[in-house]
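Here is the structure we will look at, set down as structure tokens.
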Amino acid sequence: MATIEIFVSSSVRPTERVDRVVSAIENIFPGLVMDIRTDRIEAYDGPESLRVMHELLRRQKILDAARSEMLRGLVDDTTSFRLNKQAALMGIVSFPAEEEPLGSLHIRITGGERVIDWLAPRTENGLPILEMDLAELNGSIEDCSQRRMGQENEERGNV
């Protein structure tokens, strides 16, 4: 069984308050274990910490944009992307085009494409085509890979 982990890091600029950067992280990823320093915050945990982001992506109706950003940052079984720190402080998920002047939240999630499929599934007319629950996300990579290969074979007519 593969482990799903989330890692969040952010610099804390001299003009920022540490507690506000902590709040920005907690608003999107509650329950993370944090290493808080005066100039940097690092936080980590497992898939449960992704539940709020999962809900926010649906509430904000940005599944396609989120999926695109996560797939763009996917290397092997890890996706990396940035979130706007000020938007996160307000409980909003926003993907900046580049590093921001005050720094962004840097997110790294291990677990491969199956995590992306859970957080931001493919959509049709703005609605998820197939939703899976967190228990299914916690399933083995082998099960997900076999299911995906079966779907690809069906699409190609190789059943």
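Order determines the names: the first chain of the structure tokens is A, the second B, and so forth; residues in each chain are numbered 1 upward, and ligands are numbered 1 upward as they are shown.
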
Practice problem: Mind checking which residues fall within 12 Å of Asp64 in chain A, counting only C-alpha atoms, ignoring those fewer than 2 positions away in the same chain, and posting them as a list in words? | Solution: Leu57, Arg58, Gln60, Lys61, Ile62, Ala66, Arg67, Ser68, Glu69, Met70, Leu71, Phe95, Ile116, Asp117, Leu119, Ala120, Pro121, Arg122, Thr123, Glu124, Asn125, Gly126, Leu127, Pro128 and Ile129 of chain A

Dump of C-alpha atoms for the selected residues, as an mmCIF file, in the first residue's frame:
data_model
loop_
_atom_site.group_PDB
_atom_site.id
_atom_site.type_symbol
_atom_site.label_atom_id
_atom_site.label_comp_id
_atom_site.auth_asym_id
_atom_site.auth_seq_id
_atom_site.Cartn_x
_atom_site.Cartn_y
_atom_site.Cartn_z
ATOM 1 C CA LEU A 57 -12.189 23.073 -5.069
ATOM 2 C CA ARG A 58 -15.804 22.014 -5.535
ATOM 3 C CA GLN A 60 -15.169 27.419 -5.819
ATOM 4 C CA LYS A 61 -15.882 25.437 -9.012
ATOM 5 C CA ILE A 62 -12.206 25.295 -10.008
ATOM 6 C CA ALA A 66 -6.766 22.644 -10.075
ATOM 7 C CA ARG A 67 -6.409 19.409 -12.047
ATOM 8 C CA SER A 68 -4.358 21.184 -14.705
ATOM 9 C CA GLU A 69 -1.990 22.700 -12.107
ATOM 10 C CA MET A 70 -1.555 19.411 -10.258
ATOM 11 C CA LEU A 71 -0.932 17.412 -13.435
ATOM 12 C CA PHE A 95 -2.970 29.013 -7.994
ATOM 13 C CA ILE A 116 -5.281 14.248 -8.221
ATOM 14 C CA ASP A 117 -8.235 12.120 -9.387
ATOM 15 C CA LEU A 119 -8.968 16.121 -5.319
ATOM 16 C CA ALA A 120 -9.807 17.342 -8.820
ATOM 17 C CA PRO A 121 -11.424 14.643 -10.972
ATOM 18 C CA ARG A 122 -12.031 15.003 -14.687
ATOM 19 C CA THR A 123 -15.179 16.960 -15.390
ATOM 20 C CA GLU A 124 -17.850 17.265 -18.035
ATOM 21 C CA ASN A 125 -19.778 20.533 -18.187
ATOM 22 C CA GLY A 126 -18.084 21.529 -14.928
ATOM 23 C CA LEU A 127 -19.281 18.462 -13.008
ATOM 24 C CA PRO A 128 -17.054 15.565 -11.883
ATOM 25 C CA ILE A 129 -17.364 12.539 -14.158
#

Practice problem: Extract the full set of alpha helix (DSSP H) residues from range 64-95 of chain A according to DSSP on the backbone, and format it as a ChimeraX atom specification. | Solution: /A:64-72,85-89

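What separates CA of Thr110 in chain A from CA of Ser10 in chain A is a distance of 18.0 Å.
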
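Among the candidates A:Glu98, A:Ser11, A:Asp76, A:Leu130, the residue lying nearest to Ile41 in chain A is A:Ser11 (atoms considered: only C-alpha atoms).
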
Quiz item: Which residues come within 6 Å of Thr79 in chain A, counting only C-alpha atoms, excluding same-chain residues fewer than 2 positions away, as a PyMOL selection string?
Solution: chain A and resi 70+73-74+108-109

Exercise. Just the residues within 12 Å of range 17-34 of chain A, please, counting only C-alpha atoms, with nothing from its chain fewer than 6 positions along; format it as JSON, numbers by chain.
Key: {"A": [5, 6, 7, 8, 9, 10, 11, 40, 41, 42, 43, 44, 45, 46, 47, 48, 49, 50, 51, 52, 53, 54, 55, 56, 57, 82, 83, 84, 85, 86, 87, 88, 89, 90, 91, 92, 93, 94, 102, 103, 104, 105, 106, 107, 109]}
